[in-house]
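S.K.: Pasting target_30.csv below, which is CSV, C-alpha atoms and all ligand atoms.
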```
chain,number,residue,atom,x,y,z
A,1,MET,CA,0.0,0.0,0.0
A,2,ILE,CA,1.2,3.5,-0.8
A,3,ASP,CA,0.9,5.9,2.1
A,4,LEU,CA,-0.8,9.1,1.0
A,5,ARG,CA,0.6,11.0,4.0
A,6,LEU,CA,4.1,12.3,4.2
A,7,GLU,CA,6.0,13.0,7.4
A,8,ILE,CA,7.1,16.7,7.5
A,9,ASP,CA,8.7,19.1,9.9
A,10,PRO,CA,5.8,21.3,11.0
A,11,LEU,CA,5.6,24.6,9.2
A,12,PRO,CA,4.9,28.0,10.7
A,13,ILE,CA,1.7,28.5,8.9
A,14,VAL,CA,-1.8,29.6,10.0
A,15,GLU,CA,-3.6,28.6,6.8
A,16,PRO,CA,-3.5,25.3,4.8
A,17,LEU,CA,-0.8,25.4,2.2
A,18,VAL,CA,-0.5,23.7,-1.2
A,19,ILE,CA,3.0,23.1,-2.4
A,20,ARG,CA,4.3,21.4,-5.5
A,21,LEU,CA,7.6,19.5,-5.0
A,22,THR,CA,10.1,19.8,-7.8
A,23,HIS,CA,13.5,18.3,-8.2
A,24,GLU,CA,14.7,20.6,-10.9
A,25,PRO,CA,15.0,24.4,-10.5
A,26,SER,CA,14.1,24.9,-14.2
A,27,LYS,CA,10.7,23.3,-13.4
A,28,CYS,CA,9.9,26.0,-10.7
A,29,GLU,CA,7.1,27.8,-12.5
A,30,THR,CA,4.8,29.1,-9.8
A,31,GLU,CA,4.7,30.6,-6.4
A,32,HIS,CA,3.5,27.2,-5.2
A,33,ASP,CA,6.7,25.4,-6.2
A,34,ALA,CA,9.4,24.2,-3.8
A,35,VAL,CA,12.7,23.0,-5.2
A,36,LEU,CA,14.8,20.2,-3.7
A,37,VAL,CA,18.0,21.6,-2.3
A,38,GLU,CA,19.4,18.7,-0.2
A,39,THR,CA,19.0,15.0,0.2
A,40,ASN,CA,20.4,13.3,3.2
A,41,GLY,CA,19.2,9.7,3.5
A,42,THR,CA,15.5,9.8,4.2
A,43,ARG,CA,15.6,13.5,4.8
A,44,LEU,CA,14.7,15.8,1.9
A,45,GLU,CA,15.0,19.5,2.2
A,46,TYR,CA,13.2,21.9,-0.2
A,47,ASP,CA,13.4,25.6,-0.7
A,48,TYR,CA,9.9,27.1,-0.6
A,49,ASN,CA,10.1,30.8,-1.4
A,50,GLY,CA,13.1,31.1,0.9
A,51,PHE,CA,11.7,28.9,3.6
A,52,SER,CA,12.9,25.4,4.5
A,53,LEU,CA,10.5,22.5,3.9
A,54,VAL,CA,11.7,19.2,5.3
A,55,LEU,CA,10.1,15.8,4.3
A,56,ARG,CA,11.1,12.3,5.4
A,57,ARG,CA,10.6,9.6,2.9
A,58,ARG,CA,10.3,5.8,3.2
A,59,GLY,CA,12.5,3.9,0.8
A,60,ASP,CA,13.4,5.5,-2.5
A,61,GLU,CA,10.1,7.3,-3.1
A,62,ASN,CA,10.3,10.1,-5.7
A,63,PHE,CA,8.2,13.1,-5.1
A,64,ASP,CA,9.2,15.1,-8.2
A,65,GLY,CA,6.0,16.9,-9.4
A,66,ASP,CA,3.9,15.8,-6.5
A,67,VAL,CA,1.5,18.2,-4.9
A,68,ILE,CA,1.1,18.2,-1.1
A,69,LEU,CA,-1.2,19.9,1.3
A,70,ALA,CA,0.3,21.0,4.6
A,71,LEU,CA,-2.0,21.9,7.5
A,72,PRO,CA,-1.2,24.3,10.4
A,73,GLY,CA,0.6,22.5,13.3
A,74,GLN,CA,0.6,19.1,11.6
A,75,ARG,CA,3.6,16.7,11.2
A,76,THR,CA,2.1,15.0,8.2
A,77,ALA,CA,1.2,16.4,4.8
A,78,HIS,CA,-1.5,15.0,2.4
A,79,ARG,CA,-0.1,13.8,-0.9
A,80,LEU,CA,-2.9,15.2,-3.0
A,81,ILE,CA,-1.3,14.5,-6.4
A,82,ARG,CA,1.3,11.9,-7.2
A,83,SER,CA,2.6,13.0,-10.5
A,84,ALA,CA,3.5,9.5,-11.8
A,85,SER,CA,0.1,8.1,-10.9
A,86,PRO,CA,-3.2,8.2,-12.8
A,87,HIS,CA,-5.1,7.6,-9.5
A,88,ASN,CA,-5.4,11.0,-7.8
A,89,THR,CA,-8.5,11.8,-5.8
A,90,PHE,CA,-9.6,14.7,-3.7
A,91,LEU,CA,-11.8,13.8,-0.7
A,92,VAL,CA,-13.7,17.1,-0.7
A,93,THR,CA,-16.1,16.3,2.2
A,94,GLU,CA,-16.9,13.5,4.5
A,95,GLN,CA,-20.5,14.6,4.9
A,96,CYS,CA,-23.2,12.6,3.2
A,97,ASP,CA,-27.0,12.4,3.2
A,98,GLN,CA,-27.1,8.6,2.5
A,99,LEU,CA,-26.0,5.6,4.6
A,100,CYS,CA,-25.2,3.0,2.0
A,101,VAL,CA,-24.7,-0.6,3.4
A,102,MET,CA,-21.5,-1.0,1.5
A,103,CYS,CA,-20.1,2.6,2.0
A,104,SER,CA,-16.3,2.5,2.2
A,105,GLN,CA,-16.1,6.0,3.6
A,106,PRO,CA,-18.8,6.3,6.3
A,107,PRO,CA,-20.0,9.9,6.6
A,108,LYS,CA,-18.9,12.3,9.3
A,109,LYS,CA,-20.9,15.2,10.7
A,110,TYR,CA,-18.3,18.0,10.2
A,111,HIS,CA,-16.9,19.5,7.1
A,112,THR,CA,-13.6,21.4,6.5
A,113,ASP,CA,-13.8,23.5,3.4
A,114,LEU,CA,-10.6,23.1,1.4
A,115,PHE,CA,-12.0,23.8,-2.1
A,116,SER,CA,-9.7,26.8,-2.6
A,117,GLN,CA,-6.7,24.5,-1.8
A,118,PHE,CA,-8.1,21.8,-4.1
A,119,ALA,CA,-8.4,24.3,-6.9
A,120,VAL,CA,-4.8,25.3,-6.6
A,121,ALA,CA,-3.7,21.6,-6.3
A,122,ALA,CA,-5.6,20.7,-9.5
A,123,SER,CA,-4.0,23.7,-11.3
A,124,LEU,CA,-0.6,22.2,-10.5
A,125,ALA,CA,-1.4,18.7,-11.8
A,126,PRO,CA,0.5,17.1,-14.7
A,127,ILE,CA,-0.8,17.9,-18.1
A,128,ASN,CA,-4.0,16.2,-19.2
A,129,ALA,CA,-4.6,14.7,-15.7
A,130,THR,CA,-8.0,13.4,-14.6
A,131,ILE,CA,-8.7,14.1,-11.0
A,132,GLY,CA,-11.2,12.1,-9.0
A,133,ILE,CA,-13.5,14.0,-6.7
A,134,SER,CA,-15.1,11.9,-3.9
A,135,GLY,CA,-16.7,12.1,-0.5
A,136,GLY,CA,-19.0,11.9,1.4
A,137,GLU,CA,-21.3,13.6,-1.1
A,138,PRO,CA,-19.5,16.3,-3.0
A,139,LEU,CA,-22.7,18.0,-4.2
A,140,LEU,CA,-23.7,18.8,-0.6
A,141,HIS,CA,-21.3,21.7,-1.3
A,142,LYS,CA,-22.4,22.1,-4.9
A,143,ASP,CA,-21.7,25.8,-5.3
A,144,ARG,CA,-18.1,25.5,-3.9
A,145,LEU,CA,-17.5,22.4,-6.0
A,146,PHE,CA,-18.7,24.0,-9.3
A,147,SER,CA,-16.7,27.1,-8.5
A,148,MET,CA,-13.6,25.0,-8.0
A,149,VAL,CA,-14.2,23.2,-11.3
A,150,GLU,CA,-14.8,26.5,-13.1
A,151,ALA,CA,-11.6,28.0,-11.7
A,152,VAL,CA,-9.6,25.0,-12.8
A,153,ALA,CA,-11.2,25.0,-16.2
A,154,LEU,CA,-10.1,28.6,-16.7
A,155,ALA,CA,-6.5,28.0,-15.5
A,156,ARG,CA,-6.0,24.5,-16.9
A,157,PRO,CA,-8.4,23.6,-19.8
A,158,ASP,CA,-6.6,20.3,-20.1
A,159,ILE,CA,-7.6,19.0,-16.6
A,160,LYS,CA,-10.7,16.7,-16.4
A,161,PHE,CA,-12.6,15.5,-13.3
A,162,HIS,CA,-14.3,12.2,-12.4
A,163,ILE,CA,-16.9,13.1,-9.7
A,164,LEU,CA,-18.6,10.5,-7.6
A,165,SER,CA,-22.0,11.7,-6.5
A,166,ASN,CA,-25.2,10.1,-5.2
A,167,GLY,CA,-27.1,12.3,-7.7
A,168,GLN,CA,-29.5,13.7,-5.1
A,169,HIS,CA,-28.7,17.4,-5.3
A,170,LEU,CA,-29.0,18.5,-8.9
A,171,ILE,CA,-31.8,20.9,-9.8
A,172,ALA,CA,-33.0,22.2,-13.2
A,173,GLU,CA,-31.1,25.4,-12.8
A,174,ASP,CA,-27.8,23.4,-12.8
A,175,VAL,CA,-28.2,22.5,-16.5
A,176,ARG,CA,-26.9,25.8,-17.8
A,177,ARG,CA,-23.9,25.8,-15.3
A,178,LEU,CA,-23.0,22.2,-16.3
A,179,ALA,CA,-23.1,23.1,-19.9
A,180,THR,CA,-20.9,26.1,-19.4
A,181,ILE,CA,-18.4,24.1,-17.4
A,182,GLY,CA,-18.2,21.8,-20.4
A,183,THR,CA,-19.8,18.4,-20.5
A,184,GLU,CA,-16.5,16.8,-21.6
A,185,ARG,CA,-14.8,18.1,-18.5
A,186,ILE,CA,-16.6,15.9,-16.0
A,187,LEU,CA,-17.4,12.2,-15.9
A,188,TRP,CA,-20.1,11.7,-13.3
A,189,GLY,CA,-20.0,8.4,-11.4
A,190,ILE,CA,-23.5,7.9,-10.1
A,191,PRO,CA,-24.7,4.8,-8.2
A,192,LEU,CA,-28.0,3.0,-8.9
A,193,TYR,CA,-28.5,-0.3,-7.0
A,194,ALA,CA,-32.0,-1.4,-8.1
A,195,ALA,CA,-34.7,-0.7,-10.7
A,196,ASP,CA,-37.2,0.1,-8.0
A,197,GLY,CA,-37.5,2.6,-5.2
A,198,PRO,CA,-37.9,0.4,-2.2
A,199,ASN,CA,-34.8,-1.8,-3.0
A,200,HIS,CA,-32.6,1.1,-3.9
A,201,ASP,CA,-33.7,3.2,-1.0
A,202,ARG,CA,-33.1,0.3,1.4
A,203,ILE,CA,-29.5,-0.1,0.2
A,204,VAL,CA,-28.7,3.6,0.4
A,205,GLY,CA,-30.5,4.1,3.7
A,206,LYS,CA,-32.6,7.0,2.5
A,207,GLU,CA,-36.3,7.1,1.8
A,208,GLY,CA,-37.1,8.7,-1.5
A,209,ALA,CA,-33.5,8.5,-2.8
A,210,PHE,CA,-34.5,6.5,-5.9
A,211,HIS,CA,-37.1,9.1,-7.0
A,212,GLN,CA,-34.6,12.0,-6.4
A,213,LEU,CA,-31.9,10.1,-8.2
A,214,GLN,CA,-34.1,9.8,-11.3
A,215,ARG,CA,-34.5,13.5,-11.3
A,216,GLY,CA,-30.8,14.0,-10.9
A,217,LEU,CA,-30.0,11.6,-13.7
A,218,ALA,CA,-32.6,13.4,-16.0
A,219,ILE,CA,-30.8,16.7,-15.3
A,220,LEU,CA,-27.4,15.3,-16.1
A,221,MET,CA,-28.9,13.8,-19.4
A,222,LYS,CA,-30.5,17.1,-20.2
A,223,ALA,CA,-27.1,18.9,-19.7
A,224,GLY,CA,-25.5,16.3,-22.0
A,225,ALA,CA,-23.3,15.2,-19.2
A,226,SER,CA,-21.1,12.0,-19.3
A,227,VAL,CA,-22.4,9.5,-16.8
A,228,GLU,CA,-20.8,6.3,-15.5
A,229,LEU,CA,-23.7,4.4,-13.8
A,230,ARG,CA,-22.3,2.4,-10.9
A,231,THR,CA,-23.9,-0.7,-9.4
A,232,VAL,CA,-22.2,-2.5,-6.6
A,233,VAL,CA,-23.3,-6.2,-6.7
A,234,MET,CA,-24.4,-7.5,-3.3
A,235,GLN,CA,-26.6,-10.2,-1.8
A,236,GLN,CA,-29.3,-7.5,-1.6
A,237,ASN,CA,-29.5,-6.8,-5.3
A,238,LYS,CA,-27.9,-9.7,-7.2
A,239,ASN,CA,-31.3,-11.1,-8.2
A,240,GLN,CA,-32.4,-7.7,-9.6
A,241,LEU,CA,-29.6,-7.2,-12.0
A,242,VAL,CA,-31.6,-8.4,-15.0
A,243,GLU,CA,-34.4,-6.0,-14.1
A,244,LEU,CA,-31.8,-3.3,-13.7
A,245,ALA,CA,-30.3,-4.0,-17.1
A,246,ASP,CA,-33.8,-3.5,-18.6
A,247,PHE,CA,-34.1,-0.2,-16.7
A,248,VAL,CA,-30.8,1.0,-17.9
A,249,PHE,CA,-31.7,0.1,-21.5
A,250,THR,CA,-35.1,1.7,-21.5
A,251,ARG,CA,-34.4,4.8,-19.3
A,252,LEU,CA,-30.7,5.5,-19.3
A,253,SER,CA,-29.3,4.4,-22.6
A,254,ALA,CA,-27.3,7.6,-23.1
A,255,ILE,CA,-24.8,6.7,-20.3
A,256,GLU,CA,-21.1,6.3,-21.1
A,257,VAL,CA,-20.9,3.0,-19.3
A,258,TRP,CA,-22.7,0.8,-16.8
A,259,ALA,CA,-20.2,-0.3,-14.2
A,260,ILE,CA,-21.0,-3.5,-12.3
A,261,MET,CA,-18.8,-3.4,-9.2
A,262,GLN,CA,-17.5,-5.6,-6.5
A,263,MET,CA,-17.6,-4.5,-2.8
A,264,GLU,CA,-14.7,-2.9,-0.9
A,265,ARG,CA,-14.2,-4.4,2.6
A,266,ILE,CA,-13.8,-1.3,4.6
A,267,GLY,CA,-16.1,1.1,6.5
A,268,TYR,CA,-19.7,-0.1,6.4
A,269,GLY,CA,-18.6,-2.5,3.7
A,270,ARG,CA,-16.5,-4.3,6.3
A,271,MET,CA,-19.3,-4.1,8.9
A,272,ASN,CA,-21.9,-5.5,6.6
A,273,TRP,CA,-19.6,-7.9,4.6
A,274,ALA,CA,-21.1,-11.2,5.8
A,275,THR,CA,-24.6,-10.1,4.9
A,276,SER,CA,-23.7,-8.2,1.7
A,277,PHE,CA,-20.7,-9.6,-0.2
A,278,GLN,CA,-21.8,-11.6,-3.2
A,279,ASP,CA,-19.2,-14.2,-4.1
A,280,SER,CA,-19.3,-13.8,-7.9
A,281,SER,CA,-16.5,-16.4,-8.3
A,282,THR,CA,-19.0,-19.1,-7.4
A,283,ASP,CA,-22.2,-17.5,-8.7
A,284,PHE,CA,-21.8,-15.3,-11.7
A,285,ALA,CA,-25.1,-16.2,-13.4
A,286,GLN,CA,-27.1,-13.0,-12.7
A,287,ILE,CA,-24.1,-10.8,-13.6
A,288,ALA,CA,-23.6,-12.8,-16.9
A,289,LYS,CA,-27.3,-12.3,-17.8
A,290,ALA,CA,-27.1,-8.5,-17.1
A,291,ILE,CA,-23.9,-8.3,-19.3
A,292,ASP,CA,-25.4,-10.3,-22.1
A,293,LEU,CA,-28.6,-8.3,-22.2
A,294,SER,CA,-26.7,-5.0,-22.1
A,295,ALA,CA,-24.1,-5.9,-24.7
A,296,ALA,CA,-26.8,-7.2,-27.1
A,297,ARG,CA,-28.6,-3.9,-26.7
A,298,GLY,CA,-25.5,-1.7,-27.3
A,299,ILE,CA,-25.2,-0.5,-23.6
A,300,PRO,CA,-21.5,-0.3,-22.8
A,301,VAL,CA,-20.9,-2.4,-19.7
A,302,ALA,CA,-17.9,-3.1,-17.6
A,303,LEU,CA,-16.8,-4.9,-14.4
A,304,TYR,CA,-14.9,-2.9,-11.8
A,305,ASN,CA,-12.9,-4.3,-8.9
A,306,PHE,CA,-13.3,-7.9,-10.0
A,307,PRO,CA,-10.1,-10.0,-9.8
A,308,LEU,CA,-9.7,-11.5,-13.3
A,309,CYS,CA,-9.8,-15.1,-12.2
A,310,SER,CA,-13.0,-14.5,-10.2
A,311,VAL,CA,-14.8,-13.9,-13.6
A,312,PRO,CA,-15.7,-16.7,-16.0
A,313,ALA,CA,-13.4,-16.7,-19.1
A,314,PRO,CA,-16.0,-15.4,-21.6
A,315,TYR,CA,-16.6,-12.3,-19.5
A,316,ARG,CA,-13.0,-11.4,-18.6
A,317,GLU,CA,-12.9,-8.9,-21.4
A,318,PHE,CA,-15.4,-6.7,-19.4
A,319,ALA,CA,-13.2,-6.8,-16.2
A,320,LEU,CA,-11.2,-3.6,-16.0
A,321,SER,CA,-8.2,-2.9,-13.7
A,322,THR,CA,-9.9,-0.2,-11.6
A,323,ILE,CA,-8.5,-0.4,-8.1
A,324,SER,CA,-6.3,2.6,-7.4
A,325,ASP,CA,-2.6,1.8,-7.3
A,326,TRP,CA,-2.1,3.0,-3.7
A,327,LYS,CA,-4.7,0.6,-2.3
A,328,ARG,CA,-4.2,-2.4,-4.6
A,329,LYS,CA,-2.6,-5.7,-3.6
A,330,TYR,CA,-2.1,-9.1,-5.0
A,331,LEU,CA,-2.2,-12.5,-3.2
A,332,ASP,CA,0.4,-15.3,-3.0
A,333,ILE,CA,-1.6,-17.1,-5.8
A,334,CYS,CA,-0.9,-14.2,-8.1
A,335,GLU,CA,2.9,-14.7,-8.1
A,336,LYS,CA,2.9,-17.2,-10.9
A,337,CYS,CA,-0.2,-15.9,-12.7
A,338,GLY,CA,0.2,-15.0,-16.4
A,339,SER,CA,-2.7,-12.5,-16.2
A,340,ARG,CA,-1.3,-10.4,-13.4
A,341,ALA,CA,-0.5,-7.4,-15.7
A,342,ALA,CA,-4.1,-7.2,-16.9
A,343,CYS,CA,-5.7,-8.0,-13.5
A,344,GLY,CA,-6.7,-5.2,-11.1
A,345,GLY,CA,-6.0,-7.4,-8.0
A,346,PHE,CA,-7.6,-6.8,-4.6
A,347,PHE,CA,-8.2,-3.9,-2.3
A,348,GLU,CA,-5.5,-3.7,0.4
A,349,TRP,CA,-8.2,-4.5,3.0
A,350,TYR,CA,-9.5,-7.6,1.2
A,351,SER,CA,-9.5,-10.7,3.4
A,352,GLN,CA,-9.2,-14.1,1.6
A,353,LYS,CA,-10.8,-15.8,4.7
A,354,GLU,CA,-14.1,-14.1,3.9
A,355,GLY,CA,-13.5,-13.5,0.2
A,356,PHE,CA,-13.9,-15.2,-3.1
A,357,ALA,CA,-14.0,-19.0,-2.8
A,358,ALA,CA,-12.9,-19.8,-6.3
A,359,LEU,CA,-9.7,-18.1,-7.4
A,360,GLY,CA,-6.5,-19.3,-9.1
A,361,ALA,CA,-3.8,-18.3,-11.4
A,362,ILE,CA,-4.8,-18.2,-15.1
B,401,LIG,S1,-4.4,-15.1,-9.7
B,401,LIG,FE1,-4.1,-13.8,-11.5
B,401,LIG,S2,-6.1,-13.3,-12.2
B,401,LIG,FE2,-6.3,-14.2,-10.1
B,401,LIG,S3,-6.3,-12.4,-8.8
B,401,LIG,FE3,-4.2,-13.0,-9.0
B,401,LIG,S4,-3.3,-11.9,-10.7
B,401,LIG,FE4,-5.5,-11.7,-10.8
```
Take the structure I supplied and represent it as structure tokens, if you would.
M.R.:
Amino acid sequence: MIDLRLEIDPLPIVEPLVIRLTHEPSKCETEHDAVLVETNGTRLEYDYNGFSLVLRRRGDENFDGDVILALPGQRTAHRLIRSASPHNTFLVTEQCDQLCVMCSQPPKKYHTDLFSQFAVAASLAPINATIGISGGEPLLHKDRLFSMVEAVALARPDIKFHILSNGQHLIAEDVRRLATIGTERILWGIPLYAADGPNHDRIVGKEGAFHQLQRGLAILMKAGASVELRTVVMQQNKNQLVELADFVFTRLSAIEVWAIMQMERIGYGRMNWATSFQDSSTDFAQIAKAIDLSAARGIPVALYNFPLCSVPAPYREFALSTISDWKRKYLDICEKCGSRAACGGFFEWYSQKEGFAALGAI
């Protein structure tokens, strides 16, 4: 696992500070750049506008081009952007108005507004980067979020966003703003767990969520937005996947992709693992039917977070490597597997004792 926190010597700051680390003075382009001036074992010293910034690294980590967030009085900095990785996500809030049974990031009551800092960080990202935005529910702070995206769009037209949202907070007036931001700039990852209100609402722990989600999806469609529909397969909804495939075809055929996903064993996902995890390595039938129906009807469909060998051979072409590099691991059985390069592996917190029953090198 890659640690997204870095040990630093505390800085004499009263406001959060965004800094880009650079190892070549010639790449120092903005007031936010700090240039490496000395390396002494694990201790790296940077010059930040005349001030000393000291980091301690583990192993031979390279931070060139990374963007960090330092908070007043703290001995760790958040590694917001790893320049060599395509998996960079800003957790913009931990507040949420749903309580999904498989939630990997259970909501918290309080919110710290760091949107201005996130805007700066995004503007320092490598060229053509796509930055993930997650929570909590980012659209609980919709105006701040849109303002951040607008600011980045102006400063860095090449940057794109992948925003995970429960789709509960969009209103008709948002259509124009979404269109102005540019529909190609954002891919919206929106979860839908069942084709009917009672089942979807039960899974997300919010009455009326399904109805509100349909309105949100309609607004995104009207704005011409790109939507990645996300369905985590669980014991609660595995028998409704075919019905959901019909729903997607009849109501949501303009989506970019329907992502059928495996659970992440952390947060509520860990708490509810025994009653929710669907072992698709031993029972793939409903997923196969949903894929067959969707593929035949021209709905792009993909499997996220499925180890390749947990998927029957005819369906492996749908299984994408989607687990972020910093939280991805492989098991002992993977060592001699010829498909490892194409396989997305497992979440760091996956436990084989409670996991897929039928795995094996392929
Ligand atoms: S054995 Fe191969 S296919 Fe299975 S999880 Fe490991 S790397 Fe992936």
S.K.: For ligand LIG 401 (chain B), list the contacting residues at 8 Å or closer, counting all atoms listed in the file, as a PyMOL selection string.
M.R.: chain A and resi 307-310+330-346+359-362
S.K.: Using all atoms listed in the file, which of A:Arg316, A:His162, A:Arg230, A:Lys327 sits nearest A:Trp258?
M.R.: A:Arg230
S.K.: Quick one: residues within 12 Å of A:Asp292, all atoms listed in the file counted, chain neighbours fewer than 6 positions away excluded, as a ChimeraX atom specification?
M.R.: /A:241-242,245-246,285-286,298-302,314-315,318
S.K.: Which neighbours of stretch 105-107 of chain A fall inside 9 Å, counting only C-alpha atoms, when residues of the same chain fewer than 3 positions from it are skipped, and could you give them as a PyMOL selection string?
M.R.: chain A and resi 93-100+135-137+266-269
S.K.: Which one is closest to A:Tyr46: A:Gln352, A:Thr22, A:Asn62, A:Gln240? Count only C-alpha atoms.
M.R.: A:Thr22
S.K.: Using all atoms listed in the file, which of the listed residues (A:Ile133, A:Leu154, A:Val311, A:Leu192) sits closest to A:Ala357?
M.R.: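 Of A:Ile133, A:Leu154, A:Val311, A:Leu192, the one nearest A:Ala357, counting all atoms listed in the file, is A:Val311.
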S.K.: From the list A:Asp143, A:Asp196, A:Asp64, A:Glu7, which residue is nearest A:Asp113 when using only C-alpha atoms?
M.R.: A:Asp143
S.K.: Considering only C-alpha atoms, state which residue in the set A:Val232, A:Ala129, A:Ala77, A:Ile13 is at the smallest distance from A:Ile260.
M.R.: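 Of A:Val232, A:Ala129, A:Ala77, A:Ile13, the one nearest A:Ile260, counting only C-alpha atoms, is A:Val232.
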S.K.: With distances taken over all atoms listed in the file, which of A:Asp66, A:Glu31, A:Glu24, A:Asp9 is nearest to A:Gly50?
M.R.: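 So, comparing all the options, the nearest one is A:Glu31.
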S.K.: Kindly assemble as a Markdown table a list of the stretch 255-313 of chain A residues that lie within 7 Å of stretch 320-323 of chain A, each paired with its nearest atom pair and their distance in Å to one decimal, using all atoms listed in the file, sorted first by chain and then by ascending residue number.
M.R.:
```
| residue | atom | partner | partner_atom | distance |
| --- | --- | --- | --- | --- |
| A:Ala302 | CA | A:Leu320 | CA | 6.9 |
| A:Leu303 | CA | A:Leu320 | CA | 6.0 |
| A:Tyr304 | CA | A:Leu320 | CA | 5.6 |
| A:Asn305 | CA | A:Thr322 | CA | 5.8 |
```
S.K.: To one decimal place, how far is atom CA of A:Leu4 from atom CA of A:Glu29 in Å?
M.R.: 24.4 Å
S.K.: Using all atoms listed in the file, determine which residues lie at most 10 Å from A:Asp325, disregarding the query and same-chain residues fewer than 3 positions distant; provide the list as a PDB file with C-alpha atoms, keeping the file's coordinate frame.
M.R.:
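Output saved as result_38.pdb:
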```pdb
ATOM      1  CA  MET A   1       0.000   0.000   0.000  1.00  0.00           C
ATOM      2  CA  ILE A   2       1.200   3.500  -0.800  1.00  0.00           C
ATOM      3  CA  SER A  85       0.100   8.100 -10.900  1.00  0.00           C
ATOM      4  CA  PRO A  86      -3.200   8.200 -12.800  1.00  0.00           C
ATOM      5  CA  HIS A  87      -5.100   7.600  -9.500  1.00  0.00           C
ATOM      6  CA  ASN A  88      -5.400  11.000  -7.800  1.00  0.00           C
ATOM      7  CA  SER A 321      -8.200  -2.900 -13.700  1.00  0.00           C
ATOM      8  CA  THR A 322      -9.900  -0.200 -11.600  1.00  0.00           C
ATOM      9  CA  ARG A 328      -4.200  -2.400  -4.600  1.00  0.00           C
ATOM     10  CA  LYS A 329      -2.600  -5.700  -3.600  1.00  0.00           C
ATOM     11  CA  GLY A 344      -6.700  -5.200 -11.100  1.00  0.00           C
ATOM     12  CA  GLY A 345      -6.000  -7.400  -8.000  1.00  0.00           C
ATOM     13  CA  PHE A 347      -8.200  -3.900  -2.300  1.00  0.00           C
ATOM     14  CA  GLU A 348      -5.500  -3.700   0.400  1.00  0.00           C
TER      15      GLU A 348
END
```
S.K.: Which protein, DNA or RNA residues have an atom at most 9 Å from (-27.0, 3.1, 0.1), counting only C-alpha atoms? List them as a list in words.
M.R.: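 Residues with an atom at most 9 Å from (-27.0, 3.1, 0.1): Gln98, Leu99, Cys100, Val101, Met102, Cys103, Asn166, Pro191, Tyr193, His200, Asp201, Arg202, Ile203, Val204, Gly205, Lys206 and Ala209 of chain A.
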S.K.: Can you work out the spacing between atom CA of A:Thr76 and atom CA of A:Arg5 in Å, to one decimal?
M.R.: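 One can read the atom CA of A:Thr76 to atom CA of A:Arg5 distance as 6.0 Å.
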S.K.: Mind giving me the straight-line distance from atom CA of A:Arg82 to atom CA of A:Ala125 in Å, one decimal?
M.R.: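 Separation of atom CA of A:Arg82 and atom CA of A:Ala125: 8.6 Å.
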S.K.: Please provide the set of residues having any atom within 9 Å of A:Ile181, restricted to all atoms listed in the file, with same-chain residues fewer than 2 positions apart removed, written as a PyMOL selection string.
M.R.: chain A and resi 146+149-150+153+176-179+183-186
S.K.: Hey, can you pull every residue with an atom no more than 7 Å from (-18.0, -5.0, -3.6), using all atoms listed in the file, and send it as a ChimeraX atom specification?
M.R.: /A:232-234,261-264,277
S.K.: Please dump the current selection as an mmCIF file, in the frame of the given file; keep C-alpha atoms.
M.R.:
```cif
data_model
loop_
_atom_site.group_PDB
_atom_site.id
_atom_site.type_symbol
_atom_site.label_atom_id
_atom_site.label_comp_id
_atom_site.auth_asym_id
_atom_site.auth_seq_id
_atom_site.Cartn_x
_atom_site.Cartn_y
_atom_site.Cartn_z
ATOM 1 C CA VAL A 232 -22.200 -2.500 -6.600
ATOM 2 C CA VAL A 233 -23.300 -6.200 -6.700
ATOM 3 C CA MET A 234 -24.400 -7.500 -3.300
ATOM 4 C CA MET A 261 -18.800 -3.400 -9.200
ATOM 5 C CA GLN A 262 -17.500 -5.600 -6.500
ATOM 6 C CA MET A 263 -17.600 -4.500 -2.800
ATOM 7 C CA GLU A 264 -14.700 -2.900 -0.900
ATOM 8 C CA PHE A 277 -20.700 -9.600 -0.200
#
```
S.K.: Can you pull stretch 264-269 of chain A out of that block with N, CA, C and O atoms and hand it back as a PDB file, in the first residue's frame?
M.R.:
```pdb
ATOM      1  N   GLU A 264     -15.998  -3.192  -1.546  1.00  0.00           N
ATOM      2  CA  GLU A 264     -14.733  -2.861  -0.904  1.00  0.00           C
ATOM      3  C   GLU A 264     -14.906  -3.150   0.599  1.00  0.00           C
ATOM      4  O   GLU A 264     -15.833  -2.621   1.227  1.00  0.00           O
ATOM      5  N   ARG A 265     -14.011  -3.962   1.171  1.00  0.00           N
ATOM      6  CA  ARG A 265     -14.209  -4.411   2.561  1.00  0.00           C
ATOM      7  C   ARG A 265     -13.595  -3.418   3.553  1.00  0.00           C
ATOM      8  O   ARG A 265     -12.570  -3.680   4.176  1.00  0.00           O
ATOM      9  N   ILE A 266     -14.217  -2.289   3.651  1.00  0.00           N
ATOM     10  CA  ILE A 266     -13.760  -1.262   4.588  1.00  0.00           C
ATOM     11  C   ILE A 266     -14.974  -0.390   4.922  1.00  0.00           C
ATOM     12  O   ILE A 266     -15.932  -0.326   4.144  1.00  0.00           O
ATOM     13  N   GLY A 267     -14.928   0.271   6.056  1.00  0.00           N
ATOM     14  CA  GLY A 267     -16.056   1.111   6.456  1.00  0.00           C
ATOM     15  C   GLY A 267     -17.289   0.259   6.711  1.00  0.00           C
ATOM     16  O   GLY A 267     -17.218  -0.824   7.299  1.00  0.00           O
ATOM     17  N   TYR A 268     -18.452   0.738   6.232  1.00  0.00           N
ATOM     18  CA  TYR A 268     -19.675  -0.074   6.386  1.00  0.00           C
ATOM     19  C   TYR A 268     -19.572  -1.351   5.557  1.00  0.00           C
ATOM     20  O   TYR A 268     -20.220  -2.350   5.862  1.00  0.00           O
ATOM     21  N   GLY A 269     -18.781  -1.308   4.500  1.00  0.00           N
ATOM     22  CA  GLY A 269     -18.582  -2.503   3.677  1.00  0.00           C
ATOM     23  C   GLY A 269     -17.999  -3.641   4.501  1.00  0.00           C
ATOM     24  O   GLY A 269     -18.358  -4.809   4.314  1.00  0.00           O
TER      25      GLY A 269
END
```
